[in-house]
>>> print(open('data30.tsv').read())   # TSV, C-alpha atoms
chain	number	residue	atom	x	y	z
A	243	MET	CA	102.55	108.65	114.14
A	244	LYS	CA	99.55	106.98	112.63
A	245	LYS	CA	99.38	103.30	111.80
A	246	LEU	CA	100.83	101.82	108.64
A	247	LEU	CA	99.27	103.38	105.55
A	248	LEU	CA	97.43	100.52	103.87
A	249	LEU	CA	97.88	100.91	100.15
A	250	PHE	CA	94.99	98.69	99.15
A	251	ALA	CA	92.55	100.72	101.25
A	252	LEU	CA	93.23	103.91	99.30
A	253	LEU	CA	91.09	105.25	96.49
A	254	TYR	CA	92.77	105.14	93.08
A	255	GLN	CA	92.44	108.08	90.69
A	256	SER	CA	93.43	108.75	87.08
A	257	THR	CA	96.20	111.30	87.64
A	258	ALA	CA	99.84	110.22	87.78
A	259	ILE	CA	100.69	110.39	91.45
A	260	ALA	CA	102.66	108.26	93.92
A	261	LEU	CA	103.80	107.65	97.48
A	262	PRO	CA	107.30	108.14	98.96
A	263	TYR	CA	109.34	105.07	99.71
A	264	ALA	CA	112.65	104.24	101.36
A	265	GLU	CA	114.69	101.13	101.93
A	266	PHE	CA	116.48	100.77	105.23
A	267	LYS	CA	118.60	98.38	107.26
A	268	VAL	CA	118.51	98.50	111.07
A	269	VAL	CA	120.65	96.63	113.59
A	270	TYR	CA	121.12	96.83	117.36
A	271	PHE	CA	123.60	95.87	120.04
A	272	LYS	CA	123.44	95.67	123.81
A	273	ASP	CA	125.81	97.53	126.14
A	274	HIS	CA	126.21	94.96	128.92
A	275	SER	CA	127.81	97.50	131.26
A	276	THR	CA	124.72	99.74	131.24
A	277	GLY	CA	122.00	97.33	130.13
A	278	THR	CA	120.96	99.71	127.35
A	279	TYR	CA	120.37	98.96	123.68
A	280	THR	CA	121.73	101.03	120.81
A	281	TYR	CA	119.85	100.97	117.51
A	282	LEU	CA	121.69	101.81	114.32
A	283	ILE	CA	120.03	102.71	111.02
A	284	LEU	CA	122.86	101.65	108.73
A	285	ASN	CA	121.15	103.27	105.78
A	286	LEU	CA	117.83	104.84	104.85
A	287	THR	CA	117.76	105.29	101.09
A	288	ASN	CA	115.19	107.22	99.08
A	289	VAL	CA	114.41	104.78	96.28
A	290	GLY	CA	111.71	106.92	94.71
A	291	PRO	CA	107.91	106.81	94.74
A	292	ILE	CA	105.76	103.70	94.64
A	293	ALA	CA	102.05	102.95	94.26
A	294	GLU	CA	101.10	105.38	91.50
A	295	ASN	CA	97.60	106.83	91.21
A	296	VAL	CA	96.91	106.92	94.94
A	297	ALA	CA	94.55	109.21	96.83
A	298	THR	CA	92.92	109.33	100.25
A	299	GLU	CA	90.00	107.07	101.11
A	300	SER	CA	86.60	108.37	100.01
A	301	ASN	CA	85.47	108.83	103.64
A	302	HIS	CA	88.77	110.27	104.88
A	303	GLY	CA	88.86	113.43	106.97
A	304	VAL	CA	91.16	115.44	109.22
A	305	PHE	CA	90.09	116.56	112.69
A	306	ASP	CA	91.28	119.79	114.34
A	307	TRP	CA	91.32	119.06	118.07
A	308	GLN	CA	91.90	122.70	118.96
A	309	THR	CA	88.73	123.96	117.27
A	310	ASN	CA	86.78	120.68	117.36
A	311	THR	CA	86.33	120.88	113.59
A	312	PHE	CA	86.20	118.01	111.11
A	313	TYR	CA	87.50	118.69	107.60
A	314	PRO	CA	86.39	116.22	104.87
A	315	ALA	CA	89.43	115.15	102.86
A	316	GLY	CA	88.24	112.20	100.82
A	317	GLY	CA	89.52	111.46	97.33
A	318	LEU	CA	92.49	113.84	97.56
A	319	SER	CA	95.65	113.20	95.58
A	320	LEU	CA	98.73	112.15	97.54
A	321	ASN	CA	101.21	113.60	95.08
A	322	ASP	CA	103.83	115.42	97.21
A	323	ASP	CA	106.37	112.75	97.71
A	324	GLU	CA	109.75	112.45	96.06
A	325	GLN	CA	112.02	114.47	98.37
A	326	LEU	CA	112.31	113.10	101.91
A	327	PHE	CA	112.57	115.95	104.41
A	328	GLN	CA	111.71	114.01	107.56
A	329	PHE	CA	111.95	110.48	108.90
A	330	GLY	CA	111.40	108.92	112.28
A	331	VAL	CA	110.98	105.94	114.58
A	332	ASP	CA	107.80	105.16	116.52
A	333	THR	CA	108.93	102.93	119.40
A	334	LEU	CA	105.33	101.70	119.90
A	335	ARG	CA	105.94	102.10	123.65
A	336	ASP	CA	105.35	104.83	126.20
A	337	ASP	CA	107.69	103.48	128.91
A	338	VAL	CA	111.01	103.73	127.08
A	339	VAL	CA	113.73	106.35	127.68
A	340	ILE	CA	115.59	107.49	124.55
A	341	THR	CA	119.10	109.00	124.75
A	342	ASP	CA	122.21	109.56	122.61
A	343	ILE	CA	120.48	110.44	119.36
A	344	SER	CA	122.87	110.94	116.44
A	345	ASN	CA	122.10	112.43	113.03
A	346	GLY	CA	124.40	110.38	110.81
A	347	VAL	CA	125.81	111.43	107.46
A	348	VAL	CA	124.33	111.80	103.97
A	349	SER	CA	125.51	110.25	100.73
A	350	ARG	CA	124.27	111.89	97.53
A	351	ASN	CA	123.40	109.87	94.45
A	352	GLY	CA	126.25	110.07	91.93
A	353	HIS	CA	128.71	111.69	94.36
A	354	ARG	CA	131.54	110.11	96.29
A	355	GLY	CA	131.96	110.46	100.01
A	356	PHE	CA	129.62	111.82	102.65
A	357	THR	CA	128.36	115.20	103.80
A	358	LYS	CA	127.23	116.29	107.23
A	359	SER	CA	123.61	115.46	107.80
A	360	MET	CA	121.26	118.45	107.93
A	361	PHE	CA	118.70	116.32	109.74
A	362	HIS	CA	118.33	116.87	113.48
A	363	GLY	CA	116.88	114.17	115.70
A	364	ARG	CA	114.93	114.57	118.93
A	365	ALA	CA	112.80	112.36	121.15
A	366	MET	CA	109.21	113.41	121.72
A	367	ASP	CA	105.70	112.15	122.38
A	368	GLY	CA	104.03	110.77	119.27
A	369	PHE	CA	100.41	110.73	118.12
A	370	ASP	CA	99.49	107.08	118.69
A	371	ASP	CA	98.77	105.22	121.92
A	372	HIS	CA	99.82	101.67	121.06
A	373	ASP	CA	98.71	99.99	124.31
A	374	GLY	CA	95.59	102.10	124.84
A	375	ASN	CA	96.52	103.35	128.31
A	376	GLY	CA	96.09	107.03	127.49
A	377	ILE	CA	99.83	107.74	127.12
A	378	ASN	CA	101.18	108.35	123.62
A	379	ASN	CA	104.11	106.40	122.24
A	380	LYS	CA	107.64	107.76	122.43
A	381	VAL	CA	109.06	108.62	119.02
A	382	ILE	CA	112.32	109.92	117.58
A	383	MET	CA	111.96	112.41	114.72
A	384	TRP	CA	114.74	113.56	112.39
A	385	GLN	CA	113.82	116.73	110.54
A	386	LEU	CA	115.47	119.39	108.39
A	387	PRO	CA	115.70	122.90	109.89
A	388	ASN	CA	112.68	125.07	109.12
A	389	GLU	CA	114.79	127.39	106.98
A	390	SER	CA	115.91	124.51	104.76
A	391	ASP	CA	114.56	123.95	101.28
A	392	LEU	CA	114.13	120.73	99.37
A	393	THR	CA	117.72	120.82	98.05
A	394	ASP	CA	118.72	119.72	101.56
A	395	ALA	CA	116.23	116.84	101.48
A	396	LEU	CA	117.01	113.30	100.36
A	397	GLN	CA	116.52	113.17	96.61
A	398	VAL	CA	115.85	109.87	94.84
A	399	GLY	CA	119.00	107.77	95.24
A	400	ASP	CA	120.29	109.73	98.26
A	401	ALA	CA	120.71	108.07	101.64
A	402	VAL	CA	121.24	109.00	105.27
A	403	ARG	CA	123.57	106.57	107.06
A	404	TRP	CA	124.77	105.68	110.55
A	405	VAL	CA	121.85	107.20	112.42
A	406	MET	CA	121.73	105.99	116.04
A	407	PHE	CA	119.74	106.18	119.24
A	408	THR	CA	119.89	104.35	122.59
A	409	ALA	CA	116.94	102.92	124.53
A	410	ASP	CA	116.85	101.76	128.13
A	411	ARG	CA	115.14	98.52	127.06
A	412	LYS	CA	115.01	96.17	124.11
A	413	LEU	CA	112.63	97.03	121.27
A	414	ASP	CA	111.73	93.84	119.43
A	415	HIS	CA	110.15	95.86	116.65
A	416	PHE	CA	109.14	99.43	115.89
A	417	ASN	CA	107.84	101.53	113.01
A	418	ILE	CA	109.92	103.73	110.73
A	419	TRP	CA	108.23	106.50	108.76
A	420	VAL	CA	109.41	108.67	105.88
A	421	HIS	CA	107.84	112.03	105.05
A	422	GLY	CA	108.04	113.42	101.53
A	423	SER	CA	107.14	116.55	99.62
A	424	ASP	CA	107.80	118.37	96.37
A	425	ASP	CA	106.72	121.83	97.58
A	426	ALA	CA	109.27	124.53	98.39
A	427	GLN	CA	107.19	125.42	101.45
A	428	VAL	CA	106.59	122.01	102.98
A	429	TRP	CA	104.73	123.48	105.96
A	430	GLY	CA	102.39	125.56	103.78
A	431	ASP	CA	101.17	129.14	103.94
A	432	PRO	CA	101.30	130.32	107.59
A	433	THR	CA	97.98	132.14	107.09
A	434	HIS	CA	96.26	128.84	106.21
A	435	THR	CA	94.87	126.22	108.56
A	436	THR	CA	97.43	123.40	108.38
A	437	LEU	CA	96.86	120.17	110.30
A	438	HIS	CA	98.55	116.81	110.81
A	439	GLY	CA	96.44	114.18	109.08
A	440	ASP	CA	96.77	110.42	108.76
A	441	HIS	CA	98.75	110.73	105.53
A	442	GLY	CA	100.85	113.85	106.17
A	443	HIS	CA	100.31	117.61	106.52
A	444	TYR	CA	96.93	118.82	105.33
A	445	ASP	CA	96.10	122.35	104.21
A	446	ALA	CA	92.47	122.69	105.26
A	447	THR	CA	92.22	126.11	103.60
A	448	ASP	CA	93.14	124.79	100.14
A	449	GLY	CA	91.78	121.29	100.77
A	450	ALA	CA	95.00	119.54	99.75
A	451	TYR	CA	97.79	117.46	101.28
A	452	LEU	CA	101.11	119.32	101.34
A	453	THR	CA	103.18	116.30	102.32
A	454	VAL	CA	102.81	112.54	102.25
A	455	LEU	CA	103.85	110.10	104.97
A	456	LEU	CA	104.42	106.35	104.74
A	457	GLU	CA	105.16	104.10	107.74
A	458	ARG	CA	106.49	100.53	107.89
A	459	ARG	CA	107.17	97.97	110.64
A	460	VAL	CA	110.79	96.87	111.13
A	461	THR	CA	112.40	94.17	113.26
A	462	PRO	CA	116.03	95.15	113.97
A	463	LYS	CA	118.70	92.46	113.73
A	464	ARG	CA	121.27	91.90	116.45
A	465	TRP	CA	124.67	93.18	115.31
A	466	ARG	CA	126.82	91.59	117.96
>>> encode(input="data30.tsv", output="structure tokens")
Amino acid sequence: MKKLLLLFALLYQSTAIALPYAEFKVVYFKDHSTGTYTYLILNLTNVGPIAENVATESNHGVFDWQTNTFYPAGGLSLNDDEQLFQFGVDTLRDDVVITDISNGVVSRNGHRGFTKSMFHGRAMDGFDDHDGNGINNKVIMWQLPNESDLTDALQVGDAVRWVMFTADRKLDHFNIWVHGSDDAQVWGDPTHTTLHGDHGHYDATDGAYLTVLLERRVTPKRWR
């Protein structure tokens, strides 16, 4: 995933728009018998949008590596945000092995108890190369199934809890991102050219962002 979205570098516009935001608490513990480290997201809560009236930088653009095409995307509203349909961890390393990914449970705002999480986590290669050696960082992405709609997403006040993964080495810090939308079709029209941009998924055909992504650095605390 791309680097932390710097709010003060964005162009402000007059329309009422905002960015997605989540609060989270992360801890870790070491398994001394295996030497591995398990990281536990105790909670990731959708607390609603922040930073109203935000748009892309005036010189922003999205590049299609497959066709070698640059699409200007400056001054575009980042207004698809409230429902979180994806979140993830960028380990900031390319030499870490990730195992034992769990999906946690979901608590809905105003309801007691928990429901089974619809999010599914998997380890994969990311988009950034943190150390500049030509190998992309390892990331873990939790995403709703493609057939899901935004009723399965985390609404404002909802939280996903007890999400875990294990790494073969200690991660002193990493980035967590949340990905929000308010469109029923978060991936856009399949006949359109849709690309991954710095701030989310970009519909180059319509010239608009379909989703908005925000990333933050976290330093997990030792649990025991």
>>> atom_distance(input="data30.tsv", atom1="atom CA of Thr447 of chain A", atom2="atom CA of Phe329 of chain A")
25.7 Å
>>> atom_distance(input="data30.tsv", atom1="atom CA of Asn345 of chain A", atom2="atom CA of Arg403 of chain A")
8.5 Å
>>> residues_around(input="data30.tsv", residues="Gly363 of chain A", least_positions_apart="2", cutoff="8 Å", atoms="only C-alpha atoms", output="compact mmCIF listing (two decimals) with C-alpha atoms, in the coordinates of the input")
# COMPACT_ATOMS: atom_id res chain seq x y z
CA ILE A 343 120.48 110.44 119.36
CA SER A 344 122.87 110.94 116.44
CA ASN A 345 122.10 112.43 113.03
CA PHE A 361 118.70 116.32 109.74
CA ALA A 365 112.80 112.36 121.15
CA ILE A 382 112.32 109.92 117.58
CA MET A 383 111.96 112.41 114.72
CA TRP A 384 114.74 113.56 112.39
CA GLN A 385 113.82 116.73 110.54
>>> residues_around(input="data30.tsv", residues="segment 280-282 of chain A", least_positions_apart="2", cutoff="7 Å", atoms="all atoms listed in the file", output="number ranges by chain")
A: 268-272, 278, 284, 404-409
>>> residues_around(input="data30.tsv", residues="Ser390 of chain A", least_positions_apart="2", cutoff="12 Å", atoms="only C-alpha atoms", output="short mmCIF file (atom, residue, chain, number, x, y, z; two decimals) with C-alpha atoms, keeping the file's coordinate frame")
data_model
loop_
_atom_site.label_atom_id
_atom_site.label_comp_id
_atom_site.auth_asym_id
_atom_site.auth_seq_id
_atom_site.Cartn_x
_atom_site.Cartn_y
_atom_site.Cartn_z
CA PHE A 327 112.57 115.95 104.41
CA GLN A 328 111.71 114.01 107.56
CA MET A 360 121.26 118.45 107.93
CA PHE A 361 118.70 116.32 109.74
CA HIS A 362 118.33 116.87 113.48
CA GLN A 385 113.82 116.73 110.54
CA LEU A 386 115.47 119.39 108.39
CA PRO A 387 115.70 122.90 109.89
CA ASN A 388 112.68 125.07 109.12
CA LEU A 392 114.13 120.73 99.37
CA THR A 393 117.72 120.82 98.05
CA ASP A 394 118.72 119.72 101.56
CA ALA A 395 116.23 116.84 101.48
CA ASP A 425 106.72 121.83 97.58
CA ALA A 426 109.27 124.53 98.39
CA GLN A 427 107.19 125.42 101.45
CA VAL A 428 106.59 122.01 102.98
CA TRP A 429 104.73 123.48 105.96
#
>>> atom_distance(input="data30.tsv", atom1="atom CA of Ile418 of chain A", atom2="atom CA of Thr436 of chain A")
23.4 Å
>>> closest_residue(input="data30.tsv", among="A:Arg335, A:Thr276, A:Pro314, A:Leu286", to="His372 of chain A", atoms="all atoms listed in the file")
A:Arg335
>>> closest_residue(input="data30.tsv", among="A:His353, A:Gly439, A:Glu457, A:Tyr451", to="Phe305 of chain A", atoms="all atoms listed in the file")
A:Gly439
>>> residues_around(input="data30.tsv", residues="Gly317 of chain A", least_positions_apart="2", cutoff="7 Å", atoms="all atoms listed in the file", output="list in words")
Leu253, Ala297, Thr298, Glu299, Ser300, Ala315 and Ser319 of chain A
>>> residues_near_point(input="data30.tsv", point="(108.5, 98.8, 104.3)", cutoff="8 Å", atoms="only C-alpha atoms", output="MDAnalysis selection string")
chainID A and resid 263:265 457:460
>>> build_atoms(input="data30.tsv", residues="segment 324-348 of chain A", atoms="N, CA and C atoms", output="short mmCIF file (atom, residue, chain, number, x, y, z; two decimals), in the coordinates of the input")
data_model
loop_
_atom_site.label_atom_id
_atom_site.label_comp_id
_atom_site.auth_asym_id
_atom_site.auth_seq_id
_atom_site.Cartn_x
_atom_site.Cartn_y
_atom_site.Cartn_z
N GLU A 324 108.45 112.99 96.44
CA GLU A 324 109.75 112.45 96.06
C GLU A 324 110.89 112.83 97.00
N GLN A 325 110.93 114.05 97.51
CA GLN A 325 112.02 114.47 98.37
C GLN A 325 111.68 114.18 99.83
N LEU A 326 112.55 113.44 100.52
CA LEU A 326 112.31 113.10 101.91
C LEU A 326 112.94 114.16 102.81
N PHE A 327 112.09 114.88 103.54
CA PHE A 327 112.57 115.95 104.41
C PHE A 327 112.45 115.60 105.88
N GLN A 328 111.87 114.43 106.18
CA GLN A 328 111.71 114.01 107.56
C GLN A 328 111.61 112.49 107.61
N PHE A 329 112.15 111.90 108.66
CA PHE A 329 111.95 110.48 108.90
C PHE A 329 111.95 110.27 110.41
N GLY A 330 111.49 109.10 110.84
CA GLY A 330 111.40 108.92 112.28
C GLY A 330 111.16 107.48 112.67
N VAL A 331 111.22 107.25 113.98
CA VAL A 331 110.98 105.94 114.58
C VAL A 331 109.87 106.09 115.61
N ASP A 332 108.84 105.27 115.49
CA ASP A 332 107.80 105.16 116.52
C ASP A 332 108.14 103.90 117.31
N THR A 333 108.52 104.07 118.58
CA THR A 333 108.93 102.93 119.40
C THR A 333 107.78 101.99 119.73
N LEU A 334 106.54 102.46 119.57
CA LEU A 334 105.33 101.70 119.90
C LEU A 334 105.20 101.46 121.39
N ARG A 335 105.98 102.22 122.19
CA ARG A 335 105.94 102.10 123.65
C ARG A 335 105.91 103.48 124.27
N ASP A 336 105.36 103.56 125.48
CA ASP A 336 105.35 104.83 126.20
C ASP A 336 106.24 104.81 127.43
N ASP A 337 106.90 103.66 127.69
CA ASP A 337 107.69 103.48 128.91
C ASP A 337 109.18 103.36 128.63
N VAL A 338 109.61 103.84 127.46
CA VAL A 338 111.01 103.73 127.08
C VAL A 338 111.68 105.10 127.16
N VAL A 339 112.94 105.11 127.61
CA VAL A 339 113.73 106.35 127.68
C VAL A 339 114.74 106.34 126.55
N ILE A 340 114.72 107.38 125.72
CA ILE A 340 115.59 107.49 124.55
C ILE A 340 116.70 108.50 124.83
N THR A 341 117.95 108.12 124.56
CA THR A 341 119.10 109.00 124.75
C THR A 341 120.05 108.85 123.56
N ASP A 342 121.08 109.69 123.56
CA ASP A 342 122.21 109.56 122.61
C ASP A 342 121.76 109.46 121.16
N ILE A 343 120.95 110.41 120.74
CA ILE A 343 120.48 110.44 119.36
C ILE A 343 121.54 111.07 118.47
N SER A 344 121.92 110.38 117.40
CA SER A 344 122.87 110.94 116.44
C SER A 344 122.17 111.17 115.11
N ASN A 345 122.74 112.03 114.27
CA ASN A 345 122.10 112.43 113.03
C ASN A 345 122.69 111.79 111.78
N GLY A 346 123.80 111.10 111.93
CA GLY A 346 124.40 110.38 110.81
C GLY A 346 125.03 111.29 109.77
N VAL A 347 125.25 110.71 108.60
CA VAL A 347 125.81 111.43 107.46
C VAL A 347 124.95 111.14 106.24
N VAL A 348 125.13 111.94 105.19
CA VAL A 348 124.33 111.80 103.97
C VAL A 348 125.24 111.48 102.80
#
